[in-house]
>>> print(open('data_39.txt').read())   # compact mmCIF, C-alpha atoms
# COMPACT_ATOMS: atom_id res chain seq x y z
CA MET A 1 0.00 0.00 0.00
CA SER A 2 1.42 3.39 -0.99
CA GLU A 3 1.49 6.34 1.37
CA THR A 4 -1.15 8.07 -0.78
CA GLN A 5 -3.45 5.06 -0.53
CA ALA A 6 -2.88 4.82 3.23
CA VAL A 7 -3.89 8.37 4.03
CA THR A 8 -6.70 8.21 1.47
CA ILE A 9 -8.17 5.16 3.23
CA LEU A 10 -7.88 6.90 6.60
CA SER A 11 -9.55 9.99 5.17
CA ARG A 12 -12.41 7.92 3.75
CA ARG A 13 -12.89 6.14 7.05
CA PHE A 14 -12.80 9.42 8.96
CA PRO A 15 -13.98 12.15 6.59
CA ALA A 16 -13.87 14.86 9.27
CA LYS A 17 -10.09 14.23 9.39
CA ARG A 18 -9.17 15.31 12.94
CA ALA A 19 -5.99 13.94 14.53
CA PHE A 20 -4.02 14.62 17.70
CA VAL A 21 -0.32 13.68 17.73
CA THR A 22 2.02 13.65 20.73
CA GLY A 23 5.75 14.05 20.28
CA ALA A 24 4.80 15.95 17.14
CA ALA A 25 7.72 18.36 16.87
CA SER A 26 10.33 15.96 15.52
CA GLY A 27 11.05 12.46 14.29
CA LEU A 28 8.19 10.04 13.74
CA GLY A 29 5.55 12.33 15.25
CA ARG A 30 6.38 15.17 12.91
CA ALA A 31 6.53 12.80 9.94
CA ILE A 32 3.06 11.42 10.76
CA ALA A 33 1.70 14.94 11.14
CA THR A 34 3.23 15.92 7.80
CA GLU A 35 1.61 12.99 5.99
CA LEU A 36 -1.79 13.76 7.50
CA ALA A 37 -1.45 17.49 6.83
CA ALA A 38 -0.85 16.82 3.15
CA ALA A 39 -4.27 15.14 3.04
CA GLY A 40 -6.02 18.06 4.71
CA TRP A 41 -6.34 16.75 8.25
CA GLN A 42 -6.83 19.15 11.17
CA LEU A 43 -4.03 18.54 13.63
CA GLY A 44 -3.47 18.93 17.34
CA LEU A 45 0.27 18.90 18.01
CA LEU A 46 1.75 18.25 21.45
CA ASP A 47 5.42 18.31 22.34
CA LEU A 48 7.63 19.13 25.32
CA SER A 49 9.87 21.46 23.32
CA GLY A 50 8.08 24.73 22.66
CA GLN A 51 10.75 25.86 20.22
CA ARG A 52 10.68 22.72 18.07
CA LEU A 53 6.89 22.68 18.27
CA ALA A 54 6.67 26.24 16.96
CA GLU A 55 8.99 25.34 14.09
CA ALA A 56 6.98 22.25 13.20
CA GLU A 57 3.68 24.11 13.37
CA ALA A 58 5.03 26.91 11.17
CA ALA A 59 6.15 24.40 8.56
CA LEU A 60 2.81 22.59 8.58
CA ARG A 61 0.83 25.80 8.40
CA GLY A 62 3.07 26.95 5.58
CA ALA A 63 1.96 23.85 3.71
CA GLY A 64 -1.68 24.80 4.32
CA ALA A 65 -2.47 22.64 7.35
CA ALA A 66 -4.89 23.69 10.08
CA THR A 67 -3.04 23.13 13.35
CA ARG A 68 -3.19 23.84 17.07
CA ALA A 69 -0.07 23.46 19.18
CA TYR A 70 0.20 22.45 22.85
CA ALA A 71 3.62 22.74 24.50
CA GLY A 72 3.93 20.55 27.58
CA ASP A 73 4.72 17.16 29.09
CA VAL A 74 2.79 13.97 28.27
CA ALA A 75 3.62 12.82 31.80
CA ASP A 76 1.19 15.49 33.07
CA GLU A 77 -2.21 13.82 32.94
CA SER A 78 -4.22 17.01 33.42
CA PHE A 79 -2.28 18.82 30.69
CA VAL A 80 -2.79 15.98 28.20
CA ARG A 81 -6.49 15.78 28.94
CA ALA A 82 -6.98 19.56 28.71
CA SER A 83 -5.06 19.71 25.43
CA VAL A 84 -7.00 16.88 23.77
CA ASP A 85 -10.30 18.27 25.04
CA ASP A 86 -9.47 21.74 23.73
CA PHE A 87 -8.50 20.43 20.29
CA ALA A 88 -11.59 18.20 20.03
CA ARG A 89 -13.84 21.09 21.04
CA ARG A 90 -12.33 23.43 18.47
CA ALA A 91 -12.19 20.80 15.72
CA GLY A 92 -15.67 19.47 16.42
CA GLY A 93 -14.44 16.04 17.52
CA LEU A 94 -11.56 13.61 17.24
CA ASP A 95 -10.92 10.73 14.85
CA LEU A 96 -7.30 9.69 15.32
CA MET A 97 -5.15 9.75 18.46
CA VAL A 98 -1.44 9.11 17.92
CA ASN A 99 0.42 8.47 21.18
CA ASN A 100 3.95 8.81 19.89
CA ALA A 101 5.97 10.77 22.46
CA GLY A 102 8.79 8.72 23.95
CA VAL A 103 12.29 8.73 25.39
CA ALA A 104 15.09 6.18 25.75
CA ALA A 105 17.35 4.92 28.51
CA ALA A 106 19.99 2.19 28.48
CA GLY A 107 22.35 0.42 30.81
CA ALA A 108 22.49 -2.70 32.95
CA ILE A 109 19.41 -3.17 35.11
CA GLU A 110 21.38 -2.83 38.35
CA ALA A 111 22.93 0.40 37.10
CA THR A 112 19.72 2.09 35.93
CA LEU A 113 18.82 4.75 38.48
CA PRO A 114 15.38 4.89 40.11
CA THR A 115 15.00 8.43 38.77
CA ASP A 116 15.58 7.15 35.23
CA TRP A 117 13.03 4.37 35.71
CA ARG A 118 10.42 6.88 36.87
CA TRP A 119 11.30 9.34 34.08
CA ILE A 120 10.97 6.83 31.27
CA THR A 121 7.87 5.17 32.73
CA ASP A 122 6.10 8.49 33.20
CA ILE A 123 6.65 9.36 29.53
CA ASN A 124 6.68 6.06 27.61
CA LEU A 125 3.90 4.31 29.51
CA PHE A 126 1.84 6.82 31.46
CA GLY A 127 2.05 9.35 28.63
CA VAL A 128 0.32 6.77 26.42
CA VAL A 129 -2.21 5.94 29.13
CA TRP A 130 -3.11 9.60 29.60
CA GLY A 131 -3.44 10.06 25.83
CA CYS A 132 -5.77 7.07 25.56
CA GLN A 133 -7.89 8.20 28.49
CA ALA A 134 -8.16 11.72 27.08
CA ALA A 135 -9.14 10.54 23.60
CA LEU A 136 -11.65 7.82 24.45
CA PRO A 137 -14.62 9.99 25.49
CA HIS A 138 -14.43 11.78 22.13
CA LEU A 139 -14.12 8.56 20.13
CA ARG A 140 -16.89 6.83 22.07
CA SER A 141 -19.22 9.76 21.48
CA THR A 142 -19.19 9.00 17.75
CA GLY A 143 -18.64 5.25 17.93
CA ALA A 144 -15.66 5.45 15.62
CA GLY A 145 -11.99 6.33 15.64
CA LEU A 146 -8.46 5.02 15.82
CA VAL A 147 -5.96 4.94 18.67
CA LEU A 148 -2.43 4.46 17.33
CA ASN A 149 0.14 3.82 20.05
CA VAL A 150 3.83 3.86 19.20
CA ALA A 151 5.87 1.20 20.99
CA SER A 152 9.06 -0.34 19.58
CA SER A 153 10.51 -3.65 18.44
CA ALA A 154 12.37 -3.42 21.76
CA GLY A 155 9.06 -4.27 23.39
CA PHE A 156 9.29 -7.85 22.12
CA ALA A 157 13.00 -8.27 21.33
CA ALA A 158 14.08 -7.30 24.88
CA ALA A 159 17.75 -6.72 24.09
CA PRO A 160 20.22 -6.68 27.00
CA GLN A 161 21.22 -3.36 28.57
CA MET A 162 17.83 -1.81 27.74
CA SER A 163 15.61 -2.99 30.60
CA ALA A 164 13.76 0.26 31.29
CA TYR A 165 13.10 1.04 27.63
CA ASN A 166 12.13 -2.57 26.82
CA ALA A 167 9.74 -2.78 29.75
CA THR A 168 7.89 0.42 28.94
CA LYS A 169 7.51 -0.49 25.28
CA ALA A 170 6.31 -4.00 26.14
CA ALA A 171 3.74 -2.37 28.41
CA VAL A 172 2.48 -0.23 25.52
CA ILE A 173 2.05 -3.36 23.38
CA SER A 174 0.07 -5.06 26.14
CA LEU A 175 -1.97 -1.93 26.79
CA THR A 176 -2.94 -1.69 23.13
CA GLU A 177 -3.92 -5.35 22.95
CA THR A 178 -6.12 -4.77 25.98
CA LEU A 179 -7.71 -1.75 24.31
CA ALA A 180 -8.38 -3.79 21.17
CA ALA A 181 -10.28 -6.34 23.27
CA GLU A 182 -12.23 -3.62 25.07
CA PHE A 183 -13.02 -1.89 21.75
CA GLU A 184 -14.33 -5.03 20.07
CA GLY A 185 -17.70 -4.24 18.52
CA THR A 186 -17.55 -0.51 19.30
CA GLY A 187 -16.28 0.77 15.96
CA ILE A 188 -13.04 2.02 17.54
CA GLN A 189 -9.72 0.53 16.40
CA ALA A 190 -6.52 0.15 18.41
CA SER A 191 -3.16 -0.35 16.71
CA VAL A 192 0.37 -0.52 18.08
CA ALA A 193 3.45 0.32 16.02
CA MET A 194 6.63 -1.62 16.81
CA PRO A 195 9.29 -0.07 14.59
CA GLY A 196 12.92 -1.11 14.56
CA PHE A 197 15.82 1.28 14.24
CA PHE A 198 15.46 4.28 11.95
CA SER A 199 16.97 7.76 11.89
CA THR A 200 15.28 9.98 14.47
CA HIS A 201 16.00 12.40 17.33
CA LEU A 202 15.39 9.85 20.09
CA LEU A 203 19.02 9.78 21.16
CA SER A 204 19.13 13.53 21.84
CA THR A 205 17.47 12.93 25.24
CA MET A 206 18.67 9.37 25.83
CA ARG A 207 19.95 8.57 29.32
CA ALA A 208 22.68 5.97 28.90
CA PRO A 209 26.36 5.23 29.41
CA ALA A 210 28.58 6.32 26.52
CA GLU A 211 29.02 2.75 25.26
CA GLN A 212 25.29 2.08 24.90
CA ARG A 213 24.69 5.50 23.39
CA ALA A 214 27.38 4.90 20.76
CA MET A 215 25.97 1.48 19.92
CA ALA A 216 22.46 2.89 19.49
CA GLN A 217 23.84 5.64 17.27
CA ARG A 218 25.59 3.10 15.03
CA LEU A 219 22.47 0.96 14.72
CA MET A 220 20.32 3.96 13.93
CA GLN A 221 22.69 5.35 11.32
CA GLY A 222 23.12 1.96 9.71
CA SER A 223 19.42 1.23 9.45
CA GLY A 224 18.94 2.91 6.08
CA GLU A 225 15.47 4.00 7.17
CA ASP A 226 14.05 7.40 8.12
CA ALA A 227 11.04 8.83 9.90
CA THR A 228 9.11 9.54 6.70
CA SER A 229 9.36 5.89 5.60
CA ALA A 230 8.30 4.78 9.06
CA ALA A 231 5.32 7.16 9.14
CA ARG A 232 4.07 6.04 5.74
CA ALA A 233 4.36 2.35 6.55
CA ILE A 234 2.74 2.71 9.96
CA LEU A 235 -0.17 4.79 8.67
CA GLY A 236 -0.63 2.28 5.86
CA ALA A 237 -0.86 -0.66 8.23
CA ALA A 238 -3.17 1.24 10.59
CA ALA A 239 -5.40 2.17 7.65
CA GLY A 240 -5.58 -1.53 6.82
CA GLY A 241 -6.85 -2.32 10.31
CA HIS A 242 -3.73 -4.04 11.67
CA LEU A 243 -3.41 -4.42 15.43
CA HIS A 244 0.33 -5.19 15.45
CA ILE A 245 2.46 -3.08 13.09
CA VAL A 246 6.03 -4.40 12.86
CA TRP A 247 8.35 -2.41 10.59
CA PRO A 248 10.67 -2.64 8.67
CA GLY A 249 9.80 -6.01 7.18
CA LYS A 250 12.99 -7.69 8.39
CA TYR A 251 11.74 -7.36 11.98
CA ARG A 252 8.61 -9.41 11.25
CA LEU A 253 10.56 -12.66 11.28
CA ALA A 254 11.92 -11.79 14.73
CA TRP A 255 8.36 -11.02 15.90
CA ARG A 256 7.14 -14.43 14.71
CA LEU A 257 10.13 -16.32 16.13
CA LYS A 258 9.68 -14.68 19.53
CA ARG A 259 6.06 -15.76 19.67
CA LEU A 260 6.71 -19.32 18.41
CA PHE A 261 10.01 -20.08 20.16
CA PRO A 262 10.33 -17.67 23.10
CA ARG A 263 13.09 -19.45 25.02
CA TRP A 264 15.24 -19.98 21.92
CA PHE A 265 14.71 -16.34 20.97
CA VAL A 266 15.86 -15.08 24.38
CA ARG A 267 19.03 -17.17 24.15
CA ARG A 268 19.81 -15.72 20.74
CA VAL A 269 19.20 -12.18 21.91
CA ALA A 270 21.48 -12.81 24.90
CA GLN A 271 24.38 -13.00 22.45
CA MET A 272 23.96 -9.26 21.97
CA ARG A 273 24.93 -8.68 25.60
CA ALA A 274 27.88 -6.34 26.03
CA PRO A 275 30.93 -7.77 27.88
CA ARG A 276 30.50 -7.67 31.63
CA PRO A 277 32.68 -5.11 33.42
CA ALA A 278 35.71 -6.45 35.28
CA GLY A 279 34.87 -7.51 38.80
CA ALA A 280 31.13 -7.80 38.17
CA ASN A 281 29.32 -10.60 39.90
CA PRO A 282 28.67 -13.62 37.68
CA ARG A 283 25.13 -14.17 36.48
CA PRO A 284 23.18 -16.76 38.47
CA GLY A 285 22.84 -20.05 36.65
>>> encode(input="data_39.txt", output="structure tokens")
Amino acid sequence: MSETQAVTILSRRFPAKRAFVTGAASGLGRAIATELAAAGWQLGLLDLSGQRLAEAEAALRGAGAATRAYAGDVADESFVRASVDDFARRAGGLDLMVNNAGVAAAGAIEATLPTDWRWITDINLFGVVWGCQAALPHLRSTGAGLVLNVASSAGFAAAPQMSAYNATKAAVISLTETLAAEFEGTGIQASVAMPGFFSTHLLSTMRAPAEQRAMAQRLMQGSGEDATSAARAILGAAAGGHLHIVWPGKYRLAWRLKRLFPRWFVRRVAQMRAPRPAGANPRPG
């Protein structure tokens, strides 16, 4: 399915074309907003960075999009709810909620600070929860709509040295599956995107030791993929009604192997583990 077909299908399903996107000022969020804007969607844009948000909104408005910007933190439940409510009131409703905002942290589980666990959980998990809770009254009022939550392939691959990130993304996958079950028969769709590495700004706020940061940078740069490609593929799969959206295609085999042979998969992933520091306690058998 081409990107034009994807957004066309979404627009036919939701002719009022009203979407709210978190983490909309850069990376995947901005790319999704750009694709929707090109099809004439009204957009609510939320991001923590007021400066980047203003730049993104100016670019989208320059392309003719109708936008409303909300600068603030997705970890703030009241702010998320007030922002979504304000956009829905001004736009006359809501059709698509994209919970995209996220951050990254890396390091051995015993070395990951409690403050980093709370930081990443507040954004990656609770930010999605607050977005879902804010959107649902508006979607239920019309009996239609789409909740698109952005997780990561890390949520099922569970690579070593990424415990906090992996756990929050796995939670988003589980949350979305739960929503899909609760939405059954209501006319509301839930989808979860599980992209692999692609070029984005995620590392700019990453909390990690230098070694893990450098490794993530190499993987990202070597992916050959960018946010625009990710946005088009994810919107296409969501338009087609997919619950689980695994992208790029090479990650789909890993997704299937994990589900079919979980213990074997974990052993293979363990080979990615970085060398243990000198003097570290051996792993229990």
>>> residues_around(input="data_39.txt", residues="Ile120 of chain A", least_positions_apart="5", cutoff="9 Å", atoms="all atoms listed in the file", output="number ranges by chain")
A: 102-105, 115, 125, 164-165, 168
>>> atom_distance(input="data_39.txt", atom1="atom CA of Asp85 of chain A", atom2="atom CA of Gln133 of chain A")
10.9 Å
>>> residues_around(input="data_39.txt", residues="Arg68 of chain A", least_positions_apart="3", cutoff="9 Å", atoms="all atoms listed in the file", output="mmCIF file with C-alpha atoms, keeping the file's coordinate frame")
data_model
loop_
_atom_site.group_PDB
_atom_site.id
_atom_site.type_symbol
_atom_site.label_atom_id
_atom_site.label_comp_id
_atom_site.auth_asym_id
_atom_site.auth_seq_id
_atom_site.Cartn_x
_atom_site.Cartn_y
_atom_site.Cartn_z
ATOM 1 C CA GLN A 42 -6.830 19.150 11.170
ATOM 2 C CA LEU A 43 -4.030 18.540 13.630
ATOM 3 C CA GLY A 44 -3.470 18.930 17.340
ATOM 4 C CA LEU A 45 0.270 18.900 18.010
ATOM 5 C CA LEU A 46 1.750 18.250 21.450
ATOM 6 C CA GLU A 57 3.680 24.110 13.370
ATOM 7 C CA PHE A 87 -8.500 20.430 20.290
#
>>> atom_distance(input="data_39.txt", atom1="atom CA of Thr228 of chain A", atom2="atom CA of Gly62 of chain A")
18.5 Å
>>> closest_residue(input="data_39.txt", among="A:Thr186, A:Thr176, A:Ser11, A:Thr22", to="Ala39 of chain A", atoms="only C-alpha atoms")
A:Ser11
>>> atom_distance(input="data_39.txt", atom1="atom CA of Ala270 of chain A", atom2="atom CA of Ala154 of chain A")
13.5 Å
>>> closest_residue(input="data_39.txt", among="A:Ala151, A:Ala66, A:Gln189, A:Ala56", to="Phe14 of chain A", atoms="all atoms listed in the file")
A:Gln189
>>> residues_around(input="data_39.txt", residues="Gly40 of chain A", least_positions_apart="5", cutoff="12 Å", atoms="all atoms listed in the file", output="PyMOL selection string")
chain A and resi 7-8+10-11+14-19+33-35+60-61+63-67
>>> residues_near_point(input="data_39.txt", point="(-16.2, 4.6, 14.5)", cutoff="10 Å", atoms="all atoms listed in the file", output="list in words")
Arg13, Phe14, Asp95, Leu139, Arg140, Ser141, Thr142, Gly143, Ala144, Gly145, Leu146, Gly185, Thr186, Gly187, Ile188 and Gln189 of chain A
>>> closest_residue(input="data_39.txt", among="A:Met162, A:Ala239, A:Ala37, A:Ala167", to="Glu110 of chain A", atoms="all atoms listed in the file")
A:Met162
>>> closest_residue(input="data_39.txt", among="A:His244, A:Phe198, A:Ala59, A:Phe265", to="Ser174 of chain A", atoms="only C-alpha atoms")
A:His244
>>> axis_aligned_box(input="data_39.txt", around="segment 100-108 of chain A", padding_each_side="4 Å", output="AutoDock Vina command-line options")
--center_x 13.2 --center_y 4.0 --center_z 26.4 --size_x 26.5 --size_y 21.5 --size_z 21.1
>>> closest_residue(input="data_39.txt", among="A:Asn166, A:Thr205, A:Asn99, A:Gln161", to="Val80 of chain A", atoms="all atoms listed in the file")
A:Asn99
>>> residues_around(input="data_39.txt", residues="Val192 of chain A", least_positions_apart="2", cutoff="8 Å", atoms="all atoms listed in the file", output="list in words")
Leu148, Asn149, Val150, Ala151, Val172, Ile173, Thr176, Ala190, Met194, Leu243, His244 and Ile245 of chain A
>>> closest_residue(input="data_39.txt", among="A:Gly196, A:Pro114, A:Ala25, A:Ser163", to="Ala230 of chain A", atoms="all atoms listed in the file")
A:Gly196
>>> residues_near_point(input="data_39.txt", point="(5.6, 19.4, 17.7)", cutoff="8 Å", atoms="all atoms listed in the file", output="list in words")
Thr22, Gly23, Ala24, Ala25, Ser26, Gly29, Arg30, Leu45, Leu46, Asp47, Leu48, Ser49, Gly50, Arg52, Leu53, Ala54, Glu55, Ala56, Glu57, Ala69 and Ala71 of chain A
>>> decode(input="data_39.txt", residues="segment 29-57 of chain A", atoms="N, CA and C atoms", output="compact mmCIF listing (two decimals), in the first residue's frame")
# COMPACT_ATOMS: atom_id res chain seq x y z
N GLY A 29 6.76 11.54 15.04
CA GLY A 29 5.55 12.33 15.25
C GLY A 29 5.38 13.41 14.21
N ARG A 30 6.46 14.11 13.92
CA ARG A 30 6.38 15.17 12.91
C ARG A 30 6.12 14.57 11.53
N ALA A 31 6.74 13.43 11.25
CA ALA A 31 6.53 12.80 9.94
C ALA A 31 5.08 12.35 9.77
N ILE A 32 4.48 11.80 10.83
CA ILE A 32 3.06 11.42 10.76
C ILE A 32 2.19 12.64 10.56
N ALA A 33 2.48 13.71 11.30
CA ALA A 33 1.70 14.94 11.14
C ALA A 33 1.83 15.49 9.73
N THR A 34 3.01 15.40 9.16
CA THR A 34 3.23 15.92 7.80
C THR A 34 2.41 15.14 6.78
N GLU A 35 2.39 13.81 6.92
CA GLU A 35 1.61 12.99 5.99
C GLU A 35 0.12 13.31 6.10
N LEU A 36 -0.38 13.45 7.31
CA LEU A 36 -1.79 13.76 7.50
C LEU A 36 -2.12 15.17 7.01
N ALA A 37 -1.23 16.11 7.26
CA ALA A 37 -1.45 17.49 6.83
C ALA A 37 -1.59 17.58 5.32
N ALA A 38 -0.79 16.79 4.61
CA ALA A 38 -0.85 16.82 3.15
C ALA A 38 -2.20 16.37 2.62
N ALA A 39 -2.94 15.61 3.44
CA ALA A 39 -4.27 15.14 3.04
C ALA A 39 -5.37 16.01 3.63
N GLY A 40 -5.01 17.12 4.24
CA GLY A 40 -6.02 18.06 4.71
C GLY A 40 -6.58 17.79 6.09
N TRP A 41 -5.87 17.01 6.90
CA TRP A 41 -6.34 16.75 8.25
C TRP A 41 -6.12 17.96 9.15
N GLN A 42 -7.05 18.19 10.08
CA GLN A 42 -6.83 19.15 11.17
C GLN A 42 -5.97 18.46 12.22
N LEU A 43 -5.01 19.18 12.76
CA LEU A 43 -4.03 18.54 13.63
C LEU A 43 -3.89 19.26 14.97
N GLY A 44 -3.91 18.47 16.04
CA GLY A 44 -3.47 18.93 17.34
C GLY A 44 -2.07 18.39 17.56
N LEU A 45 -1.14 19.26 17.90
CA LEU A 45 0.27 18.90 18.01
C LEU A 45 0.75 19.14 19.43
N LEU A 46 1.25 18.11 20.08
CA LEU A 46 1.75 18.25 21.45
C LEU A 46 3.21 17.83 21.49
N ASP A 47 4.01 18.65 22.18
CA ASP A 47 5.42 18.31 22.34
C ASP A 47 5.97 19.05 23.55
N LEU A 48 7.01 18.50 24.16
CA LEU A 48 7.63 19.13 25.32
C LEU A 48 8.41 20.37 24.93
N SER A 49 9.04 20.35 23.76
CA SER A 49 9.87 21.46 23.32
C SER A 49 9.04 22.52 22.61
N GLY A 50 8.86 23.65 23.28
CA GLY A 50 8.08 24.73 22.66
C GLY A 50 8.72 25.26 21.41
N GLN A 51 10.05 25.32 21.38
CA GLN A 51 10.75 25.86 20.22
C GLN A 51 10.58 24.94 19.01
N ARG A 52 10.83 23.65 19.19
CA ARG A 52 10.68 22.72 18.07
C ARG A 52 9.22 22.63 17.63
N LEU A 53 8.31 22.73 18.60
CA LEU A 53 6.89 22.68 18.27
C LEU A 53 6.48 23.87 17.41
N ALA A 54 6.98 25.05 17.75
CA ALA A 54 6.67 26.24 16.96
C ALA A 54 7.21 26.10 15.55
N GLU A 55 8.40 25.53 15.42
CA GLU A 55 8.99 25.34 14.09
C GLU A 55 8.18 24.34 13.27
N ALA A 56 7.76 23.25 13.91
CA ALA A 56 6.98 22.25 13.20
C ALA A 56 5.62 22.81 12.78
N GLU A 57 4.98 23.55 13.69
CA GLU A 57 3.68 24.11 13.37
C GLU A 57 3.79 25.12 12.23
